[in-house]
Structure formats: C-alpha cells, structure tokens
file work38.cif (mmCIF, C-alpha atoms, pLDDT in the B column; chains and numbers go by the auth columns)
data_entry
#
loop_
_atom_site.group_PDB
_atom_site.id
_atom_site.type_symbol
_atom_site.label_atom_id
_atom_site.label_comp_id
_atom_site.label_asym_id
_atom_site.label_seq_id
_atom_site.Cartn_x
_atom_site.Cartn_y
_atom_site.Cartn_z
_atom_site.B_iso_or_equiv
_atom_site.auth_seq_id
_atom_site.auth_asym_id
ATOM 1 C CA MET A 1 10.176 -16.585 -9.284 58.00 1 A
ATOM 2 C CA GLU A 2 13.409 -16.998 -11.257 67.00 2 A
ATOM 3 C CA SER A 3 11.706 -15.899 -14.464 68.00 3 A
ATOM 4 C CA THR A 4 10.494 -12.666 -12.840 68.00 4 A
ATOM 5 C CA ASP A 5 14.034 -12.018 -11.548 71.00 5 A
ATOM 6 C CA SER A 6 15.300 -12.471 -15.100 73.00 6 A
ATOM 7 C CA VAL A 7 12.734 -9.995 -16.412 67.00 7 A
ATOM 8 C CA ILE A 8 13.859 -7.423 -13.827 68.00 8 A
ATOM 9 C CA LYS A 9 17.530 -7.926 -14.746 69.00 9 A
ATOM 10 C CA LEU A 10 16.716 -7.605 -18.436 68.00 10 A
ATOM 11 C CA ALA A 11 14.714 -4.418 -17.862 67.00 11 A
ATOM 12 C CA LYS A 12 17.645 -2.926 -15.920 65.00 12 A
ATOM 13 C CA LYS A 13 20.076 -3.861 -18.690 67.00 13 A
ATOM 14 C CA GLU A 14 17.904 -2.155 -21.294 68.00 14 A
ATOM 15 C CA SER A 15 18.693 1.203 -19.666 68.00 15 A
ATOM 16 C CA LEU A 16 22.460 0.677 -20.093 72.00 16 A
ATOM 17 C CA PRO A 17 24.416 1.436 -23.258 73.00 17 A
ATOM 18 C CA SER A 18 25.147 -1.594 -25.406 76.00 18 A
ATOM 19 C CA PHE A 19 28.164 -2.238 -27.584 81.00 19 A
ATOM 20 C CA THR A 20 28.419 -4.450 -30.631 86.00 20 A
ATOM 21 C CA LEU A 21 31.605 -5.681 -32.259 86.00 21 A
ATOM 22 C CA GLY A 22 31.666 -7.431 -35.598 87.00 22 A
ATOM 23 C CA ILE A 23 33.850 -8.711 -38.377 88.00 23 A
ATOM 24 C CA ASP A 24 32.672 -9.175 -41.935 84.00 24 A
ATOM 25 C CA TYR A 25 34.357 -10.951 -44.807 77.00 25 A
ATOM 26 C CA ILE A 26 33.600 -10.314 -48.470 76.00 26 A
ATOM 27 C CA PHE A 27 34.508 -12.821 -51.133 72.00 27 A
ATOM 28 C CA THR A 28 35.341 -10.836 -54.251 70.00 28 A
ATOM 29 C CA GLY A 29 36.527 -13.564 -56.601 66.00 29 A
ATOM 30 C CA ASP A 30 39.203 -13.183 -59.283 68.00 30 A
ATOM 31 C CA ALA A 31 40.887 -9.830 -59.951 63.00 31 A
ATOM 32 C CA ILE A 32 39.180 -7.787 -62.645 66.00 32 A
ATOM 33 C CA ASN A 33 42.153 -5.507 -63.086 65.00 33 A
ATOM 34 C CA PRO A 34 45.451 -7.218 -62.098 65.00 34 A
ATOM 35 C CA SER A 35 47.345 -3.938 -62.387 65.00 35 A
ATOM 36 C CA LEU A 36 45.678 -2.665 -59.186 66.00 36 A
ATOM 37 C CA SER A 37 47.473 -3.879 -56.093 65.00 37 A
ATOM 38 C CA GLU A 38 44.369 -4.825 -54.057 64.00 38 A
ATOM 39 C CA SER A 39 42.217 -6.147 -56.887 65.00 39 A
ATOM 40 C CA GLY A 40 40.954 -9.709 -56.296 61.00 40 A
ATOM 41 C CA LYS A 41 41.837 -9.776 -52.595 71.00 41 A
ATOM 42 C CA ASP A 42 39.005 -10.557 -50.218 70.00 42 A
ATOM 43 C CA PRO A 43 38.529 -7.726 -47.707 72.00 43 A
ATOM 44 C CA PHE A 44 37.796 -7.982 -43.958 76.00 44 A
ATOM 45 C CA ILE A 45 35.610 -5.311 -42.401 84.00 45 A
ATOM 46 C CA ALA A 46 35.610 -4.580 -38.661 86.00 46 A
ATOM 47 C CA THR A 47 32.541 -2.870 -37.153 86.00 47 A
ATOM 48 C CA ILE A 48 31.908 -1.270 -33.790 86.00 48 A
ATOM 49 C CA SER A 49 28.540 0.142 -32.758 84.00 49 A
ATOM 50 C CA MET A 50 27.159 1.658 -29.589 78.00 50 A
ATOM 51 C CA ASN A 51 23.493 1.952 -28.644 75.00 51 A
ATOM 52 C CA ILE A 52 22.704 4.671 -26.107 75.00 52 A
ATOM 53 C CA PRO A 53 19.205 4.495 -24.583 70.00 53 A
ATOM 54 C CA LEU A 54 17.672 7.956 -24.577 69.00 54 A
ATOM 55 C CA TRP A 55 14.325 7.148 -22.945 67.00 55 A
ATOM 56 C CA ARG A 56 15.368 6.515 -19.337 63.00 56 A
ATOM 57 C CA GLY A 57 11.838 7.078 -18.011 68.00 57 A
ATOM 58 C CA LYS A 58 10.485 4.337 -20.270 67.00 58 A
ATOM 59 C CA ASN A 59 13.163 1.916 -19.091 68.00 59 A
ATOM 60 C CA LYS A 60 12.558 2.837 -15.451 72.00 60 A
ATOM 61 C CA SER A 61 8.876 2.064 -15.970 77.00 61 A
ATOM 62 C CA ARG A 62 9.797 -1.357 -17.358 73.00 62 A
ATOM 63 C CA VAL A 63 11.873 -2.109 -14.261 73.00 63 A
ATOM 64 C CA GLU A 64 9.054 -1.007 -11.952 81.00 64 A
ATOM 65 C CA ALA A 65 6.508 -3.026 -13.927 80.00 65 A
ATOM 66 C CA ALA A 66 8.736 -6.104 -13.712 77.00 66 A
ATOM 67 C CA ARG A 67 9.092 -5.635 -9.942 82.00 67 A
ATOM 68 C CA ALA A 68 5.323 -5.226 -9.558 86.00 68 A
ATOM 69 C CA HIS A 69 4.782 -8.369 -11.629 83.00 69 A
ATOM 70 C CA LYS A 70 7.213 -10.262 -9.387 82.00 70 A
ATOM 71 C CA GLN A 71 5.408 -9.050 -6.252 89.00 71 A
ATOM 72 C CA ALA A 72 2.041 -10.051 -7.714 90.00 72 A
ATOM 73 C CA ALA A 73 3.364 -13.504 -8.580 86.00 73 A
ATOM 74 C CA ALA A 74 4.753 -13.943 -5.056 88.00 74 A
ATOM 75 C CA SER A 75 1.439 -12.847 -3.524 92.00 75 A
ATOM 76 C CA ASN A 76 -0.529 -15.151 -5.799 93.00 76 A
ATOM 77 C CA TYR A 77 1.746 -18.065 -4.910 90.00 77 A
ATOM 78 C CA GLN A 78 1.367 -17.413 -1.170 93.00 78 A
ATOM 79 C CA SER A 79 -2.404 -17.037 -1.479 94.00 79 A
ATOM 80 C CA MET A 80 -2.686 -20.334 -3.365 93.00 80 A
ATOM 81 C CA LYS A 81 -0.469 -22.039 -0.809 93.00 81 A
ATOM 82 C CA ASN A 82 -2.590 -20.723 2.080 94.00 82 A
ATOM 83 C CA THR A 83 -5.820 -21.776 0.356 94.00 83 A
ATOM 84 C CA LEU A 84 -4.552 -25.297 -0.283 93.00 84 A
ATOM 85 C CA THR A 85 -3.199 -25.624 3.261 93.00 85 A
ATOM 86 C CA ALA A 86 -6.531 -24.546 4.742 94.00 86 A
ATOM 87 C CA ARG A 87 -8.442 -26.923 2.463 94.00 87 A
ATOM 88 C CA LEU A 88 -6.118 -29.782 3.347 94.00 88 A
ATOM 89 C CA GLN A 89 -6.590 -29.143 7.071 95.00 89 A
ATOM 90 C CA THR A 90 -10.370 -29.011 6.669 96.00 90 A
ATOM 91 C CA VAL A 91 -10.503 -32.256 4.685 95.00 91 A
ATOM 92 C CA LEU A 92 -8.088 -33.964 7.070 94.00 92 A
ATOM 93 C CA TYR A 93 -10.302 -32.980 10.018 96.00 93 A
ATOM 94 C CA ALA A 94 -13.421 -34.282 8.229 96.00 94 A
ATOM 95 C CA PHE A 95 -11.554 -37.494 7.312 95.00 95 A
ATOM 96 C CA ARG A 96 -10.571 -38.117 10.946 95.00 96 A
ATOM 97 C CA GLU A 97 -14.071 -37.233 12.150 97.00 97 A
ATOM 98 C CA SER A 98 -15.604 -39.748 9.725 96.00 98 A
ATOM 99 C CA LYS A 99 -13.160 -42.391 10.902 96.00 99 A
ATOM 100 C CA ARG A 100 -14.114 -41.668 14.522 97.00 100 A
ATOM 101 C CA LYS A 101 -17.857 -41.884 13.756 97.00 101 A
ATOM 102 C CA ILE A 102 -17.450 -45.162 11.871 97.00 102 A
ATOM 103 C CA TYR A 103 -15.683 -46.621 14.897 97.00 103 A
ATOM 104 C CA LEU A 104 -18.388 -45.248 17.220 97.00 104 A
ATOM 105 C CA TYR A 105 -21.271 -46.660 15.140 97.00 105 A
ATOM 106 C CA SER A 106 -19.593 -50.011 14.493 97.00 106 A
ATOM 107 C CA ASN A 107 -18.258 -50.726 17.970 96.00 107 A
ATOM 108 C CA SER A 108 -20.675 -48.973 20.287 96.00 108 A
ATOM 109 C CA LEU A 109 -23.980 -47.595 19.029 96.00 109 A
ATOM 110 C CA ILE A 110 -25.092 -50.303 16.597 97.00 110 A
ATOM 111 C CA PRO A 111 -24.198 -53.245 18.892 97.00 111 A
ATOM 112 C CA ARG A 112 -26.101 -51.582 21.755 97.00 112 A
ATOM 113 C CA MET A 113 -29.046 -50.758 19.516 96.00 113 A
ATOM 114 C CA HIS A 114 -29.021 -54.331 18.234 97.00 114 A
ATOM 115 C CA GLN A 115 -29.176 -55.580 21.848 97.00 115 A
ATOM 116 C CA ALA A 116 -32.030 -53.168 22.603 96.00 116 A
ATOM 117 C CA TYR A 117 -33.892 -54.426 19.544 96.00 117 A
ATOM 118 C CA GLU A 118 -33.387 -58.058 20.589 96.00 118 A
ATOM 119 C CA VAL A 119 -34.689 -57.260 24.094 96.00 119 A
ATOM 120 C CA THR A 120 -37.719 -55.493 22.596 96.00 120 A
ATOM 121 C CA ARG A 121 -38.341 -58.378 20.170 95.00 121 A
ATOM 122 C CA THR A 122 -38.150 -60.905 23.016 96.00 122 A
ATOM 123 C CA ALA A 123 -40.498 -58.763 25.107 95.00 123 A
ATOM 124 C CA PHE A 124 -42.897 -58.520 22.155 94.00 124 A
ATOM 125 C CA GLU A 125 -42.883 -62.300 21.759 94.00 125 A
ATOM 126 C CA ALA A 126 -43.645 -62.587 25.471 93.00 126 A
ATOM 127 C CA GLY A 127 -46.487 -60.085 25.100 93.00 127 A
ATOM 128 C CA GLU A 128 -44.875 -57.471 27.334 94.00 128 A
ATOM 129 C CA VAL A 129 -44.589 -54.718 24.666 94.00 129 A
ATOM 130 C CA ASP A 130 -46.851 -53.835 21.789 95.00 130 A
ATOM 131 C CA PHE A 131 -46.103 -53.914 18.053 94.00 131 A
ATOM 132 C CA PRO A 132 -45.421 -50.142 17.573 95.00 132 A
ATOM 133 C CA GLU A 133 -42.610 -50.346 20.153 95.00 133 A
ATOM 134 C CA LEU A 134 -41.027 -53.263 18.261 95.00 134 A
ATOM 135 C CA ILE A 135 -41.266 -51.350 14.966 96.00 135 A
ATOM 136 C CA ASP A 136 -39.794 -48.223 16.598 96.00 136 A
ATOM 137 C CA SER A 137 -36.862 -50.222 17.961 95.00 137 A
ATOM 138 C CA GLN A 138 -36.218 -51.818 14.579 96.00 138 A
ATOM 139 C CA ARG A 139 -36.493 -48.430 12.808 97.00 139 A
ATOM 140 C CA THR A 140 -33.912 -46.922 15.177 96.00 140 A
ATOM 141 C CA LEU A 141 -31.516 -49.833 14.528 96.00 141 A
ATOM 142 C CA LEU A 142 -31.936 -49.441 10.748 97.00 142 A
ATOM 143 C CA GLU A 143 -31.367 -45.682 10.992 97.00 143 A
ATOM 144 C CA MET A 144 -28.104 -46.300 12.866 96.00 144 A
ATOM 145 C CA GLN A 145 -26.997 -48.783 10.211 97.00 145 A
ATOM 146 C CA LEU A 146 -27.873 -46.255 7.509 97.00 146 A
ATOM 147 C CA MET A 147 -25.881 -43.550 9.316 97.00 147 A
ATOM 148 C CA LEU A 148 -22.904 -45.927 9.446 97.00 148 A
ATOM 149 C CA GLU A 149 -23.102 -46.483 5.681 97.00 149 A
ATOM 150 C CA ARG A 150 -23.392 -42.742 5.022 97.00 150 A
ATOM 151 C CA GLU A 151 -20.330 -42.140 7.198 97.00 151 A
ATOM 152 C CA LYS A 152 -18.409 -44.791 5.263 97.00 152 A
ATOM 153 C CA ALA A 153 -19.299 -42.956 2.037 97.00 153 A
ATOM 154 C CA ASN A 154 -18.175 -39.639 3.578 96.00 154 A
ATOM 155 C CA PHE A 155 -14.949 -41.285 4.707 96.00 155 A
ATOM 156 C CA ASN A 156 -14.210 -42.519 1.185 95.00 156 A
ATOM 157 C CA GLN A 157 -14.976 -39.095 -0.305 96.00 157 A
ATOM 158 C CA HIS A 158 -12.617 -37.411 2.179 95.00 158 A
ATOM 159 C CA PHE A 159 -9.983 -40.048 1.446 94.00 159 A
ATOM 160 C CA ALA A 160 -10.242 -39.354 -2.295 93.00 160 A
ATOM 161 C CA GLU A 161 -10.040 -35.603 -1.716 94.00 161 A
ATOM 162 C CA LEU A 162 -6.940 -36.063 0.443 92.00 162 A
ATOM 163 C CA GLU A 163 -5.344 -37.990 -2.409 91.00 163 A
ATOM 164 C CA LEU A 164 -6.299 -35.202 -4.798 90.00 164 A
ATOM 165 C CA LEU A 165 -4.902 -32.453 -2.565 90.00 165 A
ATOM 166 C CA THR A 166 -1.652 -34.267 -1.830 88.00 166 A
ATOM 167 C CA GLY A 167 -1.227 -35.384 -5.418 84.00 167 A
ATOM 168 C CA ARG A 168 -0.444 -38.971 -4.542 80.00 168 A
ATOM 169 C CA GLY A 169 -2.186 -42.168 -3.631 80.00 169 A
ATOM 170 C CA LEU A 170 -2.454 -42.845 0.072 74.00 170 A
ATOM 171 C CA PRO A 171 -2.012 -46.335 1.519 78.00 171 A
ATOM 172 C CA LYS A 172 -5.338 -48.107 1.857 68.00 172 A
ATOM 173 C CA GLY A 173 -4.305 -49.602 5.207 59.00 173 A
ATOM 174 C CA GLU A 174 -4.664 -46.146 6.805 50.00 174 A
ATOM 175 C CA ASN A 175 -8.432 -46.093 6.439 48.00 175 A
#
call {"tool": "encode", "arguments": {"input": "work38.cif", "output": "structure tokens"}}
result
Amino acid sequence: MESTDSVIKLAKKESLPSFTLGIDYIFTGDAINPSLSESGKDPFIATISMNIPLWRGKNKSRVEAARAHKQAAASNYQSMKNTLTARLQTVLYAFRESKRKIYLYSNSLIPRMHQAYEVTRTAFEAGEVDFPELIDSQRTLLEMQLMLEREKANFNQHFAELELLTGRGLPKGEN
C-alpha cells in the first residue's frame, strides 16, 4: 500500500511547477591572450530553470488513475485475505472432524464391532449361526477398519494443508 501512496504523491507533484538550480564550472586552461583581463580564468556559470506544467487535465488523470490503482490493490488484498481465511476455517473444521472420527472408530465402533465378530464367530463354532452371518460380521469389521485408515489419510492431508495455509510446520503432537 505504501508504493501506491507514493505513486499518488508523485502524480500530484507532477502538476506543480518545478525549479532547478545549478552551477557549472568550465576549465579553460592557460590564457591564449594575456593582455585580456579575464583570459585563462576558469568561469563559473549559475543556472536557474522553471518547469510549468501546462496539461493539468493529464496530470489530474494520473492522480485519479493512481487512486483507482490503490483502491484496486486494497480490494484485491482484502479479497485474498477473505479467501484464505475461509479456506483455513474449512480445512480446520475438516481436520477436527477427521480427528473426531478417528477417535470414534478407534475407541468405540471398531472395538464393539470386534466384540460382535467374536460373538458371531463363537456362535458359528457352536453351530448357532450359519457361515454367511459370520462372513457378514467379518466384512463389517473390515469395512470399519478400512474407514479408520481412510480417515487417518484424510487427517494427514488436512494437517498438511493447514501447514501450507499457515506457512509453518505444526507440532506433530497436536495430531
């Protein structure tokens, strides 16, 4: 934003008159004609110049263009900030949701499904249930374990995206 402010200031200054002061020195060397009083002396020349801008409309347009450019840059910055904030919130929600599901599968659903499978297997060995029921119970347990592994992969992807969005590595103890 500072660069756009500088452009606006410069555009405003271009519509003001400018003054230039200068001093020049000319080395003339030895006197060609010693009878002349100033011959062989090195002269100093003072200069003053003034630049008056005649095209005020053109300069006013530059100022307005610089202001519009500044406004566009500010809008672009705010839009990018809003987009990144929204993306960060979305990824953070998905990260927390994955963490919650991993806990649910690991500490509740899979242990219960494993118990149900063991009961079904014991009942099968006792002849109380048939083979398709045993296979169905085992398939359900394997599906739960697969869902846990998929959720772990999702969790790691969200973790990596959080690191990307924040621009720094996150502590591994948080996951």
call {"tool": "atom_distance", "arguments": {"input": "work38.cif", "atom1": "atom CA of A:Ala73", "atom2": "atom CA of A:Ser61"}}
result
18.1 Å
call {"tool": "closest_residue", "arguments": {"input": "work38.cif", "among": "A:Glu151, A:Glu118, A:Asp5, A:Asp24", "to": "A:Phe95", "atoms": "all atoms listed in the file"}}
result
A:Glu151
call {"tool": "residues_around", "arguments": {"input": "work38.cif", "residues": "stretch 165-167 of chain A", "least_positions_apart": "2", "cutoff": "10 Å", "atoms": "all atoms listed in the file", "output": "number ranges by chain"}}
result
A: 84-85, 87-88, 91, 159-163, 169-170
call {"tool": "axis_aligned_box", "arguments": {"input": "work38.cif", "around": "stretch 114-124 of chain A", "padding_each_side": "4 Å", "output": "JSON"}}
result
{"center_x": -36.0, "center_y": -57.0, "center_z": 21.7, "size_x": 21.9, "size_y": 15.7, "size_z": 14.9}
call {"tool": "atom_distance", "arguments": {"input": "work38.cif", "atom1": "atom CA of A:Val119", "atom2": "atom CA of A:Phe131"}}
result
13.3 Å
call {"tool": "atom_distance", "arguments": {"input": "work38.cif", "atom1": "atom CA of A:Ile23", "atom2": "atom CA of A:Pro53"}}
result
24.1 Å
call {"tool": "closest_residue", "arguments": {"input": "work38.cif", "among": "A:Ile45, A:Leu109, A:Ala68, A:Met80", "to": "A:Leu148", "atoms": "all atoms listed in the file"}}
result
A:Leu109
call {"tool": "closest_residue", "arguments": {"input": "work38.cif", "among": "A:Phe27, A:Tyr117, A:Phe44, A:Tyr105", "to": "A:Leu134", "atoms": "only C-alpha atoms"}}
result
A:Tyr117
call {"tool": "closest_residue", "arguments": {"input": "work38.cif", "among": "A:Ser137, A:Thr28, A:Ser79, A:Ser98", "to": "A:Thr120", "atoms": "all atoms listed in the file"}}
result
A:Ser137
call {"tool": "resolve_selection", "arguments": {"input": "work38.cif", "expression": "the PyMOL selection byres ((chain A and resi 49) around 6)", "output": "PyMOL selection string"}}
result
chain A and resi 19-20+48+50
call {"tool": "resolve_selection", "arguments": {"input": "work38.cif", "expression": "the PyMOL selection byres ((chain A and resi 114) around 12)", "output": "ChimeraX atom specification"}}
result
/A:105-113,115-121,137-145
call {"tool": "write_last_selection", "arguments": {"input": "work38.cif", "atoms": "C-alpha atoms", "output": "short mmCIF file (atom, residue, chain, number, x, y, z; two decimals), in the frame of the given file"}}
result
data_model
loop_
_atom_site.label_atom_id
_atom_site.label_comp_id
_atom_site.auth_asym_id
_atom_site.auth_seq_id
_atom_site.Cartn_x
_atom_site.Cartn_y
_atom_site.Cartn_z
CA TYR A 105 -21.27 -46.66 15.14
CA SER A 106 -19.59 -50.01 14.49
CA ASN A 107 -18.26 -50.73 17.97
CA SER A 108 -20.68 -48.97 20.29
CA LEU A 109 -23.98 -47.60 19.03
CA ILE A 110 -25.09 -50.30 16.60
CA PRO A 111 -24.20 -53.24 18.89
CA ARG A 112 -26.10 -51.58 21.76
CA MET A 113 -29.05 -50.76 19.52
CA GLN A 115 -29.18 -55.58 21.85
CA ALA A 116 -32.03 -53.17 22.60
CA TYR A 117 -33.89 -54.43 19.54
CA GLU A 118 -33.39 -58.06 20.59
CA VAL A 119 -34.69 -57.26 24.09
CA THR A 120 -37.72 -55.49 22.60
CA ARG A 121 -38.34 -58.38 20.17
CA SER A 137 -36.86 -50.22 17.96
CA GLN A 138 -36.22 -51.82 14.58
CA ARG A 139 -36.49 -48.43 12.81
CA THR A 140 -33.91 -46.92 15.18
CA LEU A 141 -31.52 -49.83 14.53
CA LEU A 142 -31.94 -49.44 10.75
CA GLU A 143 -31.37 -45.68 10.99
CA MET A 144 -28.10 -46.30 12.87
CA GLN A 145 -27.00 -48.78 10.21
#
call {"tool": "resolve_selection", "arguments": {"input": "work38.cif", "expression": "the PyMOL selection byres ((chain A and resi 96) around 12)", "output": "JSON, numbers by chain"}}
result
{"A": [89, 90, 91, 92, 93, 94, 95, 97, 98, 99, 100, 101, 102, 103, 151, 152, 154, 155, 156, 158, 159, 162, 174, 175]}
call {"tool": "closest_residue", "arguments": {"input": "work38.cif", "among": "A:Ile52, A:Ala126, A:Ala65, A:Ala86", "to": "A:Leu16", "atoms": "only C-alpha atoms"}}
result
A:Ile52
